[in-house]
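For reference, structure_8.tsv is printed below; it contains TSV, C-alpha atoms.
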```
chain	number	residue	atom	x	y	z
R	6	MET	CA	-4.28	-26.80	7.44
R	7	ASN	CA	-5.28	-24.77	10.47
R	8	THR	CA	-3.73	-21.35	10.68
R	9	LEU	CA	-3.73	-18.69	13.31
R	10	ALA	CA	-6.46	-16.16	12.69
R	11	LEU	CA	-4.86	-12.84	11.82
R	12	GLY	CA	-7.99	-10.85	12.51
R	13	PRO	CA	-11.57	-11.51	11.37
R	14	SER	CA	-12.11	-14.95	9.81
R	15	TRP	CA	-12.93	-13.33	6.46
R	16	LEU	CA	-9.39	-11.91	6.38
R	17	ASP	CA	-7.70	-15.20	7.23
R	18	PRO	CA	-5.95	-16.56	4.09
R	19	ASP	CA	-6.71	-20.22	4.82
R	20	TYR	CA	-10.38	-19.45	5.44
R	21	LEU	CA	-10.66	-17.39	2.26
R	22	ILE	CA	-9.07	-20.05	0.08
R	23	GLN	CA	-11.10	-22.91	1.57
R	24	THR	CA	-14.32	-20.92	1.21
R	25	PHE	CA	-13.90	-19.26	-2.17
R	26	GLY	CA	-11.13	-21.27	-3.83
R	27	LEU	CA	-8.87	-19.94	-6.56
R	28	ILE	CA	-11.60	-17.62	-7.88
R	29	GLY	CA	-11.67	-15.87	-4.52
R	30	VAL	CA	-7.89	-15.47	-4.56
R	31	LEU	CA	-8.02	-13.86	-8.00
R	32	VAL	CA	-10.82	-11.49	-7.02
R	33	ILE	CA	-8.91	-10.38	-3.92
R	34	VAL	CA	-5.67	-9.88	-5.85
R	35	PHE	CA	-7.54	-7.85	-8.46
R	36	ALA	CA	-9.28	-5.70	-5.83
R	37	GLU	CA	-6.15	-5.09	-3.77
R	38	SER	CA	-4.18	-4.11	-6.86
R	39	GLY	CA	-6.21	-1.09	-7.84
R	40	LEU	CA	-9.66	-0.74	-6.28
R	41	LEU	CA	-10.05	1.78	-3.46
R	42	ILE	CA	-11.96	-0.76	-1.36
R	43	GLY	CA	-9.21	-3.38	-1.61
R	44	PHE	CA	-6.47	-1.80	0.49
R	45	PHE	CA	-7.25	-3.85	3.64
R	46	LEU	CA	-7.17	-7.28	1.96
R	47	PRO	CA	-4.41	-9.81	2.87
R	48	GLY	CA	-2.50	-9.97	-0.42
R	49	ASP	CA	0.95	-11.19	0.66
R	50	SER	CA	-0.15	-13.86	3.11
R	51	LEU	CA	-2.92	-14.95	0.73
R	52	LEU	CA	-0.51	-15.57	-2.15
R	53	PHE	CA	1.98	-17.33	0.12
R	54	THR	CA	-0.74	-19.62	1.46
R	55	THR	CA	-2.02	-20.28	-2.06
R	56	GLY	CA	1.41	-21.47	-3.17
R	57	LEU	CA	1.74	-23.63	-0.07
R	58	LEU	CA	-1.65	-25.27	-0.63
R	59	VAL	CA	-0.79	-26.04	-4.24
R	60	THR	CA	2.40	-27.80	-3.14
R	61	THR	CA	0.61	-29.83	-0.47
R	62	GLY	CA	-2.11	-30.84	-2.94
R	63	LYS	CA	-4.92	-29.09	-1.06
R	64	LEU	CA	-5.49	-26.74	-3.98
R	65	ASP	CA	-6.01	-28.89	-7.05
R	66	THR	CA	-4.68	-26.52	-9.72
R	67	PRO	CA	-1.30	-26.64	-11.49
R	68	LEU	CA	1.18	-24.16	-10.03
R	69	TRP	CA	1.98	-22.63	-13.42
R	70	LEU	CA	-1.70	-21.91	-14.03
R	71	VAL	CA	-2.16	-20.42	-10.56
R	72	CYS	CA	0.83	-18.09	-11.08
R	73	THR	CA	-0.37	-17.08	-14.54
R	74	LEU	CA	-3.86	-16.24	-13.32
R	75	VAL	CA	-2.58	-14.38	-10.24
R	76	VAL	CA	-0.24	-12.24	-12.36
R	77	ALA	CA	-3.08	-11.51	-14.80
R	78	ALA	CA	-5.39	-10.48	-11.93
R	79	ALA	CA	-2.68	-8.24	-10.44
R	80	VAL	CA	-1.91	-6.56	-13.76
R	81	LEU	CA	-5.58	-6.03	-14.61
R	82	GLY	CA	-6.21	-4.62	-11.14
R	83	ASP	CA	-3.48	-2.02	-11.60
R	84	GLN	CA	-4.84	-1.26	-15.05
R	85	VAL	CA	-8.27	-0.47	-13.63
R	86	GLY	CA	-6.67	1.65	-10.90
R	87	TYR	CA	-4.72	3.64	-13.47
R	88	LEU	CA	-7.79	4.30	-15.63
R	89	PHE	CA	-9.78	5.28	-12.54
R	90	GLY	CA	-7.04	7.72	-11.54
R	91	ARG	CA	-7.01	9.31	-15.00
R	92	LYS	CA	-10.78	9.75	-14.83
R	93	VAL	CA	-11.15	11.21	-11.35
R	94	GLY	CA	-7.98	13.32	-11.56
R	95	PRO	CA	-7.08	15.73	-8.73
R	96	SER	CA	-10.63	15.47	-7.35
R	97	LEU	CA	-9.44	12.30	-5.60
R	98	PHE	CA	-7.46	14.54	-3.22
R	99	LYS	CA	-10.65	16.37	-2.22
R	100	ARG	CA	-12.70	13.26	-1.50
R	101	PRO	CA	-13.90	13.22	2.14
R	102	ASP	CA	-12.85	10.44	4.51
R	103	SER	CA	-15.17	7.52	5.12
R	104	LYS	CA	-14.95	4.10	6.78
R	105	LEU	CA	-13.24	2.60	3.69
R	106	PHE	CA	-11.44	5.68	2.42
R	107	LYS	CA	-8.80	7.75	4.17
R	108	GLN	CA	-7.22	10.76	2.53
R	109	GLU	CA	-3.91	9.98	4.22
R	110	ASN	CA	-3.64	6.77	2.19
R	111	VAL	CA	-3.82	8.77	-1.04
R	112	GLU	CA	-1.23	11.24	0.24
R	113	LYS	CA	1.18	8.45	1.22
R	114	ALA	CA	0.84	6.82	-2.19
R	115	HIS	CA	1.38	10.19	-3.85
R	116	GLU	CA	4.57	10.78	-1.89
R	117	PHE	CA	5.74	7.24	-2.66
R	118	PHE	CA	5.11	7.74	-6.37
R	119	GLU	CA	6.83	11.12	-6.46
R	120	LYS	CA	9.84	9.75	-4.59
R	121	HIS	CA	10.41	6.60	-6.65
R	122	GLY	CA	8.93	7.53	-10.03
R	123	PRO	CA	7.74	4.78	-12.42
R	124	LYS	CA	9.61	2.08	-10.48
R	125	SER	CA	7.19	2.75	-7.61
R	126	LEU	CA	4.76	0.49	-9.50
R	127	ILE	CA	7.18	-2.36	-8.79
R	128	LEU	CA	8.22	-1.39	-5.25
R	129	ALA	CA	4.65	-0.64	-4.15
R	130	ARG	CA	3.59	-4.20	-4.92
R	131	PHE	CA	5.37	-5.27	-1.75
R	132	VAL	CA	3.95	-2.52	0.47
R	133	PRO	CA	0.38	-3.04	1.79
R	134	ILE	CA	-2.06	-0.17	1.24
R	135	VAL	CA	0.47	1.68	-0.92
R	136	ARG	CA	0.16	-0.98	-3.64
R	137	THR	CA	-3.57	-0.29	-3.88
R	138	PHE	CA	-3.28	3.47	-4.33
R	139	THR	CA	-0.07	3.79	-6.37
R	140	PRO	CA	-1.58	2.81	-9.77
R	141	ILE	CA	-4.41	5.23	-9.08
R	142	ILE	CA	-1.92	8.01	-8.37
R	143	ALA	CA	-0.06	7.07	-11.57
R	144	GLY	CA	-3.31	7.65	-13.43
R	145	VAL	CA	-3.97	10.93	-11.65
R	146	SER	CA	-0.47	12.07	-12.63
R	147	ARG	CA	-1.11	10.92	-16.21
R	148	MET	CA	2.02	8.80	-16.28
R	149	ASN	CA	3.03	7.78	-19.81
R	150	TYR	CA	0.77	4.83	-20.61
R	151	ARG	CA	3.45	2.72	-22.30
R	152	SER	CA	5.77	3.12	-19.31
R	153	PHE	CA	2.91	2.27	-16.98
R	154	ILE	CA	2.17	-0.98	-18.80
R	155	ILE	CA	5.83	-2.05	-18.72
R	156	PHE	CA	6.31	-1.40	-15.00
R	157	ASN	CA	2.87	-2.80	-14.24
R	158	LEU	CA	3.75	-6.10	-15.94
R	159	ILE	CA	7.11	-6.33	-14.16
R	160	GLY	CA	5.59	-5.55	-10.77
R	161	GLY	CA	2.69	-7.95	-11.25
R	162	LEU	CA	5.06	-10.74	-12.27
R	163	LEU	CA	7.55	-10.25	-9.43
R	164	TRP	CA	4.86	-9.94	-6.76
R	165	GLY	CA	2.11	-12.23	-8.02
R	166	ALA	CA	4.26	-15.11	-9.21
R	167	GLY	CA	7.14	-14.43	-6.81
R	168	VAL	CA	5.22	-14.63	-3.53
R	169	THR	CA	3.16	-17.59	-4.77
R	170	LEU	CA	6.30	-19.49	-5.81
R	171	LEU	CA	7.90	-18.64	-2.47
R	172	GLY	CA	4.95	-20.22	-0.66
R	173	SER	CA	5.17	-23.25	-2.92
R	174	ALA	CA	8.91	-23.68	-2.35
R	175	LEU	CA	8.72	-23.27	1.41
R	176	GLY	CA	5.65	-25.51	1.49
R	177	LYS	CA	8.01	-28.44	0.91
R	178	VAL	CA	9.90	-27.64	4.11
R	179	GLU	CA	8.76	-29.56	7.18
R	180	PHE	CA	9.48	-26.63	9.50
R	181	VAL	CA	7.02	-24.47	7.57
R	182	HIS	CA	4.28	-27.08	7.93
R	183	LYS	CA	4.78	-27.22	11.70
R	184	HIS	CA	4.98	-23.45	12.15
R	185	ILE	CA	2.70	-22.10	9.43
R	186	GLU	CA	0.97	-19.80	11.93
R	187	LEU	CA	4.24	-18.09	12.81
R	188	ILE	CA	5.25	-17.91	9.14
R	189	LEU	CA	2.04	-16.08	8.20
R	190	VAL	CA	2.35	-13.73	11.17
R	191	GLY	CA	5.95	-13.04	10.10
R	192	ILE	CA	4.85	-12.22	6.55
R	193	VAL	CA	2.25	-9.78	7.84
R	194	LEU	CA	4.76	-8.11	10.16
R	195	ILE	CA	7.42	-7.84	7.45
R	196	SER	CA	4.92	-6.33	5.02
R	197	VAL	CA	3.89	-3.75	7.62
R	198	VAL	CA	7.47	-2.66	8.39
R	199	PRO	CA	7.80	-0.32	5.35
R	200	VAL	CA	4.51	1.36	6.26
R	201	ALA	CA	5.59	1.83	9.88
R	202	ILE	CA	8.94	3.28	8.82
R	203	GLU	CA	7.25	5.66	6.41
R	204	ILE	CA	4.81	6.84	9.09
R	205	LEU	CA	7.61	7.47	11.60
R	206	ARG	CA	9.66	9.28	8.97
R	207	ALA	CA	6.71	11.45	7.99
R	208	ARG	CA	5.98	12.36	11.61
R	209	SER	CA	9.62	13.23	12.22
R	210	GLN	CA	9.73	15.49	9.16
R	211	SER	CA	6.42	17.15	10.01
R	212	LYS	CA	7.75	18.09	13.43
R	213	LYS	CA	10.92	19.59	11.94
R	214	ASN	CA	9.21	21.24	8.95
R	215	PRO	CA	5.53	22.10	9.43
R	216	PRO	CA	3.83	21.62	6.02
R	217	ARG	CA	2.78	24.71	4.08
R	218	SER	CA	0.85	25.26	0.91
R	219	ASP	CA	0.58	28.35	-1.25
R	220	HIS	CA	-2.64	27.14	-2.80
R	221	GLY	CA	-4.62	26.01	0.18
R	222	ALA	CA	-4.65	25.34	3.88
R	223	PRO	CA	-1.42	24.26	5.60
R	224	GLY	CA	-0.74	20.56	5.15
R	225	THR	CA	-2.83	20.21	1.99
R	226	PRO	CA	-0.82	18.44	-0.73
R	227	ASN	CA	-0.82	19.79	-4.24
R	228	PRO	CA	-2.57	17.09	-6.27
R	229	PRO	CA	-0.57	15.80	-9.23
R	230	GLY	CA	-1.80	16.87	-12.63
R	231	SER	CA	-0.79	17.06	-16.23
R	232	ARG	CA	2.22	19.20	-15.31
R	233	GLY	CA	3.58	16.66	-12.86
R	234	ARG	CA	7.00	15.16	-13.08
R	235	HIS	CA	5.66	11.95	-14.65
R	236	ALA	CA	2.98	13.51	-16.84
R	237	LYS	CA	2.49	12.40	-20.39
R	238	ARG	CA	3.70	14.93	-22.91
```
Taking this structure as input, can you express it in the form of structure tokens?
Amino acid sequence: MNTLALGPSWLDPDYLIQTFGLIGVLVIVFAESGLLIGFFLPGDSLLFTTGLLVTTGKLDTPLWLVCTLVVAAAVLGDQVGYLFGRKVGPSLFKRPDSKLFKQENVEKAHEFFEKHGPKSLILARFVPIVRTFTPIIAGVSRMNYRSFIIFNLIGGLLWGAGVTLLGSALGKVEFVHKHIELILVGIVLISVVPVAIEILRARSQSKKNPPRSDHGAPGTPNPPGSRGRHAKR
């Protein structure tokens, strides 16, 4: 299956799967679910393509096993992100920008977590970049561990198995086979829409209400801590 390159070849789902196989898929899902360096990886399109390749017989692994392993990788990735967040604490908000780390990504995830609470662990699964940082922010905020595990499992199941099964189901449709390039582009665009909306909303609010902080320079968010709304008591 030849797909349209959605950027560098090493970010193209078809290339990644053909080169690294199922192991590569699991590593990418794990990294994108909770490692700081995984935010740029193509999670949605990768899982969709994986399901499609299983259906077409180009990935010789039972679908149930693929879904089980993907969910496990997603859940474990979030688990690592949560533990990392608990360890680094508010210092994460003081970390300087680099090529692979942008402070604005942490701030967006923080706002997302504060807005949606524990269910953000489910919603964030379907939002690129945010899904990488949200479990880390949950750890920084010291979210109740039992609640974290429950929402982590639900989110990992809905996203990991859901998107893979969607690719498998649509892989049986002839139209999808003939227009797989457009399908993958559409998935990428749809996954970017929430981020674009959030950016536009944030810019609109910042123009109306310039950010202030009583504990630091204007525009500096107060990092979540043990007194946060979702802190463990």
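Distances here use all atoms listed in the file; by that measure, the residue among R:Leu52, R:Val80, R:Leu70, R:Val145 closest to Lys92 of chain R is R:Val145.
Between atom CA of Leu41 of chain R and atom CA of Phe156 of chain R there is a distance of 20.3 Å.
For the choices R:Pro18, R:Gly122, R:Gly26, R:Gly161, the atom-to-atom distance to Arg136 of chain R is smallest for R:Gly161 when using only C-alpha atoms.
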Item to check | Near-segment 117-119 of chain R list (8 Å; all atoms listed in the file; drop same-chain fewer than 4 positions) as a ChimeraX atom specification | outcome: /R:113,123,125-126,135,139,142-143,234
Checklist entry - Between R:Phe35, R:Tyr87, R:Tyr20, R:Phe44, which has the minimum distance to Met148 of chain R (counting only C-alpha atoms)? => result R:Tyr87
Checklist outcome for this item: Across R:Phe25, R:Trp69, R:Phe89, R:Phe45, the smallest distance to Ala166 of chain R, with all atoms listed in the file counted, is shown by R:Trp69
Taking the structure I provided as the source, export segment 33-46 of chain R with all heavy atoms, as a short mmCIF file (atom, residue, chain, number, x, y, z; two decimals), in the first residue's frame.
```cif
data_model
loop_
_atom_site.label_atom_id
_atom_site.label_comp_id
_atom_site.auth_asym_id
_atom_site.auth_seq_id
_atom_site.Cartn_x
_atom_site.Cartn_y
_atom_site.Cartn_z
N ILE R 33 5.87 3.58 19.46
CA ILE R 33 5.40 4.93 19.15
C ILE R 33 4.18 5.27 20.00
O ILE R 33 4.07 6.38 20.53
CB ILE R 33 5.06 5.04 17.64
CG1 ILE R 33 6.35 5.00 16.83
CG2 ILE R 33 4.28 6.33 17.36
CD1 ILE R 33 6.13 4.96 15.33
N VAL R 34 3.25 4.33 20.13
CA VAL R 34 2.06 4.56 20.97
C VAL R 34 2.48 4.83 22.41
O VAL R 34 1.96 5.74 23.07
CB VAL R 34 1.11 3.35 20.91
CG1 VAL R 34 0.02 3.46 21.97
CG2 VAL R 34 0.49 3.24 19.52
N PHE R 35 3.42 4.05 22.91
CA PHE R 35 3.92 4.24 24.27
C PHE R 35 4.55 5.62 24.44
O PHE R 35 4.25 6.34 25.39
CB PHE R 35 4.96 3.16 24.59
CG PHE R 35 5.62 3.33 25.93
CD1 PHE R 35 5.01 2.85 27.09
CD2 PHE R 35 6.86 3.96 26.04
CE1 PHE R 35 5.62 3.01 28.33
CE2 PHE R 35 7.47 4.12 27.28
CZ PHE R 35 6.86 3.64 28.42
N ALA R 36 5.41 6.01 23.48
CA ALA R 36 6.10 7.29 23.57
C ALA R 36 5.15 8.46 23.47
O ALA R 36 5.26 9.44 24.21
CB ALA R 36 7.17 7.37 22.48
N GLU R 37 4.17 8.36 22.55
CA GLU R 37 3.25 9.48 22.36
C GLU R 37 2.27 9.62 23.52
O GLU R 37 1.67 10.67 23.72
CB GLU R 37 2.48 9.32 21.05
CG GLU R 37 1.79 10.61 20.63
CD GLU R 37 0.85 10.43 19.46
OE1 GLU R 37 0.52 9.29 19.11
OE2 GLU R 37 0.40 11.45 18.93
N SER R 38 2.11 8.56 24.29
CA SER R 38 1.14 8.59 25.38
C SER R 38 1.65 9.22 26.66
O SER R 38 0.86 9.48 27.57
CB SER R 38 0.65 7.15 25.68
OG SER R 38 -0.07 6.63 24.60
N GLY R 39 2.95 9.44 26.78
CA GLY R 39 3.39 10.02 28.04
C GLY R 39 4.84 10.44 28.12
O GLY R 39 5.28 10.90 29.19
N LEU R 40 5.60 10.31 27.03
CA LEU R 40 6.99 10.77 27.04
C LEU R 40 7.07 12.14 26.38
O LEU R 40 6.45 12.36 25.33
CB LEU R 40 7.89 9.78 26.31
CG LEU R 40 7.91 8.34 26.83
CD1 LEU R 40 8.94 7.52 26.06
CD2 LEU R 40 8.22 8.30 28.32
N LEU R 41 7.81 13.05 26.95
CA LEU R 41 7.90 14.41 26.43
C LEU R 41 8.32 14.45 24.97
O LEU R 41 7.91 15.31 24.21
CB LEU R 41 8.89 15.23 27.27
CG LEU R 41 8.43 15.60 28.69
CD1 LEU R 41 9.54 16.33 29.42
CD2 LEU R 41 7.17 16.45 28.65
N ILE R 42 9.16 13.49 24.56
CA ILE R 42 9.69 13.50 23.20
C ILE R 42 8.72 12.90 22.19
O ILE R 42 9.00 12.89 20.99
CB ILE R 42 11.02 12.73 23.11
CG1 ILE R 42 10.79 11.26 23.53
CG2 ILE R 42 12.09 13.38 23.97
CD1 ILE R 42 12.02 10.37 23.32
N GLY R 43 7.55 12.41 22.65
CA GLY R 43 6.65 11.71 21.75
C GLY R 43 5.52 12.52 21.18
O GLY R 43 4.69 12.00 20.44
N PHE R 44 5.47 13.82 21.48
CA PHE R 44 4.30 14.62 21.11
C PHE R 44 4.12 14.78 19.60
O PHE R 44 3.01 15.01 19.12
CB PHE R 44 4.38 16.01 21.75
CG PHE R 44 5.45 16.89 21.19
CD1 PHE R 44 5.19 17.74 20.13
CD2 PHE R 44 6.75 16.86 21.71
CE1 PHE R 44 6.19 18.56 19.61
CE2 PHE R 44 7.75 17.66 21.20
CZ PHE R 44 7.46 18.52 20.14
N PHE R 45 5.20 14.64 18.82
CA PHE R 45 5.12 14.90 17.37
C PHE R 45 4.81 13.63 16.57
O PHE R 45 4.66 13.69 15.35
CB PHE R 45 6.46 15.48 16.88
CG PHE R 45 7.63 14.55 17.07
CD1 PHE R 45 7.97 13.65 16.08
CD2 PHE R 45 8.36 14.59 18.24
CE1 PHE R 45 9.04 12.78 16.27
CE2 PHE R 45 9.44 13.73 18.43
CZ PHE R 45 9.77 12.82 17.44
N LEU R 46 4.70 12.49 17.23
CA LEU R 46 4.52 11.22 16.52
C LEU R 46 3.08 11.06 16.01
O LEU R 46 2.14 11.57 16.61
CB LEU R 46 4.88 10.06 17.46
CG LEU R 46 6.35 10.05 17.89
CD1 LEU R 46 6.60 9.00 18.97
CD2 LEU R 46 7.25 9.79 16.68
#
```
